[in-house]
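Novice: Let me begin by handing over the structure; questions about it come next.
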Amino acid sequence: MKKRIIIISLAVVFIGLGLTFALHKGASRGTVYLEPPSLSIQRGQELSINITVEPAGWGVSGCEVNLTFNSSVLQGVSIEVGGFLGSSPLIGLEDIDNQAGVVRLIMARIGSTTTPSPPGVLATVNFRVSDSAESGTYELKLTNVGLANEDFEDVTDFTVRGTNLTVSP
Amino acid sequence: MKRVIFVLLGVWLAITCLPADIAQAQVMDISINKDTFYPWEMVVVTTTVENNRSHEVEWYVECAFDPEPYDALVSVPRRHVVLLELEPEQTKEQGFSWLIDDVQPSGRYKATLKLFENYYTAPQMLNEKTILFDITGTLKIIDITMISRGDDGYNKTVFIKKEKIFLDYESEISDLNVSGTLTLPDESTKQLSLPSSMTAEQIGTHELTITAAKEGYKTAARTMEFSVIEEAPEIPFAIPRWDINEDGIVDYKDLAILGAHYGENTQAPYPRYDIDRDGEVGTHDVDVLMEHYGEEASH
């Protein structure tokens, strides 16, 4: 009986350790996401969406991000560069294509990259909801996301998350 | 009260005496013997200088004849400098001459006279006068540049065997009669009238000598060389400079490397992030990289 209790206790400890390790591993993945995660808005109103990067121990020296949207619902108005890549990053491309429904950003940090890079807003994109937009829920997605680390190599351990926009009359 | 009178007297003396030694120090006039000159006539420019200073002076007068507007191709290589020693209130006349020869192009010219103090130590110009005149009846200069061009429309001087060669010239003067002699690598010659075209046949250096003529202009002669080679040299594949990290694709990683060195000065051999090799990592490098963004290079 005593032996069984010891075995069960050891099993619980190992399972606990395994879970902790797994959770820790999961938490170490960085994220590139849009915020707010969801938003309700009316036709004709304006909204701002942040493209935020949360690194997990690595630095970010450069990046490429596409934000896709439904162009019959939203129209991109402007892009404000955030402070994630420094106060004055190098802008390779900063473009809103309202026909294709895509915002394209290609940027890099000027100077050296410290590790880890603190989380921050890469850019804020301002949109306007079309007056003729149909009510419903629409998704804004991040696609073609690429990050370069402090050694100018691809970062692979990150996830990407978009946002949902609910339009009402 | 006395002090005030002395001060006012001093001010009056300064106002009346000083300008006489500076602003009214001299009077300079210029004149010319004629307005228009033909070949072998003499241009004579005369200046009259008066010393209004209260002491003896040593001034220099410099005279230059130049085309108006200035044209380096027909410049006149003559500068005269003459010393004038003048007692107080003395006036002297000085002449400068130039004999026009028959190769001096027709056109408008000017004579410039400058009056200097301390000409050879710390020159200070006291006065300057110019006068215009015309030269006529002489021949004008033909400005002409020879061109050899390939099938691709680019100017070049090395051609591949069997390639079409276009020989031409550029000049701002219209209706020129341009003809010449082409000496081939085997020493044989061929008469040409430009523009002309030929097929590259003989391997080696070709020499083309031309003369350009037009009534009223001095006949110009020019010589140029171009070569014909058997085949184009093989150029090994080179990764384009805008693929900075040489990974075969131009992307944000290349931009990140450029950003890390942005604003730096470089020197030969230029690092890859100074894409345009101008010695500075800047906006033009970013422009070139973005122009090729997304391109893939195959090794």
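Ordering of the structure tokens sets the chain letters (A, B, ...); residue numbers start at 1 within each chain; ligands are numbered from 1 in the order shown.
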Using only C-alpha atoms, I'd like every residue of chain B that has an atom within 6 Å of chain A; please write them out as a PyMOL selection string.

Specialist: chain B and resi 252-253+256+259-260

Novice: For the residues selected in the previous step, produce a file with N, CA and C atoms as a PDB file, in the first residue's frame.

Specialist:
ATOM      1  N   TYR B 252      13.332  41.539 -45.918  1.00  0.00           N
ATOM      2  CA  TYR B 252      13.475  42.403 -44.737  1.00  0.00           C
ATOM      3  C   TYR B 252      14.774  42.137 -43.982  1.00  0.00           C
ATOM      4  N   LYS B 253      15.363  40.980 -44.153  1.00  0.00           N
ATOM      5  CA  LYS B 253      16.634  40.696 -43.473  1.00  0.00           C
ATOM      6  C   LYS B 253      17.753  41.555 -44.081  1.00  0.00           C
ATOM      7  N   ALA B 256      17.215  44.931 -42.742  1.00  0.00           N
ATOM      8  CA  ALA B 256      17.645  44.998 -41.341  1.00  0.00           C
ATOM      9  C   ALA B 256      19.163  45.221 -41.238  1.00  0.00           C
ATOM     10  N   GLY B 259      19.787  48.745 -42.162  1.00  0.00           N
ATOM     11  CA  GLY B 259      19.378  49.617 -41.048  1.00  0.00           C
ATOM     12  C   GLY B 259      20.420  49.649 -39.938  1.00  0.00           C
ATOM     13  N   ALA B 260      21.063  48.510 -39.702  1.00  0.00           N
ATOM     14  CA  ALA B 260      22.066  48.432 -38.631  1.00  0.00           C
ATOM     15  C   ALA B 260      23.270  49.318 -38.940  1.00  0.00           C
TER      16      ALA B 260
END

Novice: For the strand (DSSP E) assignment from backbone DSSP, which residues of segment 23-156 of chain A qualify? Please present them as a ChimeraX atom specification.

Specialist: /A:30-35,38-42,46-54,62-68,74-81,90-97,102-108,120-129,136-148

Novice: Interatomic distance between atom CA of Asp274 of chain B and atom CA of Ser87 of chain A?

Specialist: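 So the answer is 23.0 Å.
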
Novice: Using only C-alpha atoms, which protein or nucleic acid residues come within 9 Å of segment 280-285 of chain B? Drop anything in the same chain fewer than 4 positions from it, and give the result as a PyMOL selection string.

Specialist: chain B and resi 242+258-259+261-267+273-276+289-290

Novice: Can you tell me which residues surround segment 127-133 of chain A at a distance of at most 10 Å, considering only C-alpha atoms, apart from same-chain residues fewer than 6 positions away, and format the answer as an MDAnalysis selection string?

Specialist: chainID A and resid 41:49 69:79 167:169

Novice: Name the residues of segment 4-154 of chain A that fall into helix (DSSP H, G or I) according to DSSP on the backbone, using the chain letters and numbers of this document, as a ChimeraX atom specification.

Specialist: /A:4-27

Novice: Quick check, in Å to one decimal: how far apart do atom CA of Leu194 of chain B and atom CA of Ile210 of chain B lie?

Specialist: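 Atom CA of Ile210 of chain B lies 8.7 Å from atom CA of Leu194 of chain B.
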
Novice: Fewer than 3 positions away in the same chain doesn't count, so skip those; otherwise give me all residues within 12 Å of Tyr217 of chain B, counting only C-alpha atoms, as a PDB file with C-alpha atoms, in the first residue's frame.

Specialist:
ATOM      1  CA  ASP B 102      42.465  84.523 -88.602  1.00  0.00           C
ATOM      2  CA  VAL B 103      41.813  81.514 -86.375  1.00  0.00           C
ATOM      3  CA  GLN B 104      40.129  83.495 -83.611  1.00  0.00           C
ATOM      4  CA  PRO B 105      36.414  82.627 -83.903  1.00  0.00           C
ATOM      5  CA  SER B 106      33.985  85.378 -84.821  1.00  0.00           C
ATOM      6  CA  GLY B 137      35.211  87.644 -90.748  1.00  0.00           C
ATOM      7  CA  THR B 138      37.040  84.797 -89.068  1.00  0.00           C
ATOM      8  CA  LEU B 139      36.089  81.130 -88.971  1.00  0.00           C
ATOM      9  CA  LYS B 140      33.993  79.646 -86.177  1.00  0.00           C
ATOM     10  CA  ILE B 141      34.966  76.516 -84.250  1.00  0.00           C
ATOM     11  CA  ILE B 142      33.226  73.173 -84.889  1.00  0.00           C
ATOM     12  CA  ASP B 143      32.392  71.336 -81.687  1.00  0.00           C
ATOM     13  CA  ILE B 173      26.073  72.603 -85.537  1.00  0.00           C
ATOM     14  CA  SER B 174      23.701  71.314 -88.184  1.00  0.00           C
ATOM     15  CA  ASP B 175      24.451  70.228 -91.759  1.00  0.00           C
ATOM     16  CA  LEU B 176      28.060  69.322 -91.155  1.00  0.00           C
ATOM     17  CA  ASN B 177      29.931  67.463 -93.828  1.00  0.00           C
ATOM     18  CA  THR B 211      37.110  65.740 -90.702  1.00  0.00           C
ATOM     19  CA  ALA B 212      34.068  67.919 -90.159  1.00  0.00           C
ATOM     20  CA  ALA B 213      33.558  70.885 -92.411  1.00  0.00           C
ATOM     21  CA  LYS B 214      31.049  73.643 -93.016  1.00  0.00           C
ATOM     22  CA  ALA B 220      37.841  70.082 -87.398  1.00  0.00           C
TER      23      ALA B 220
END
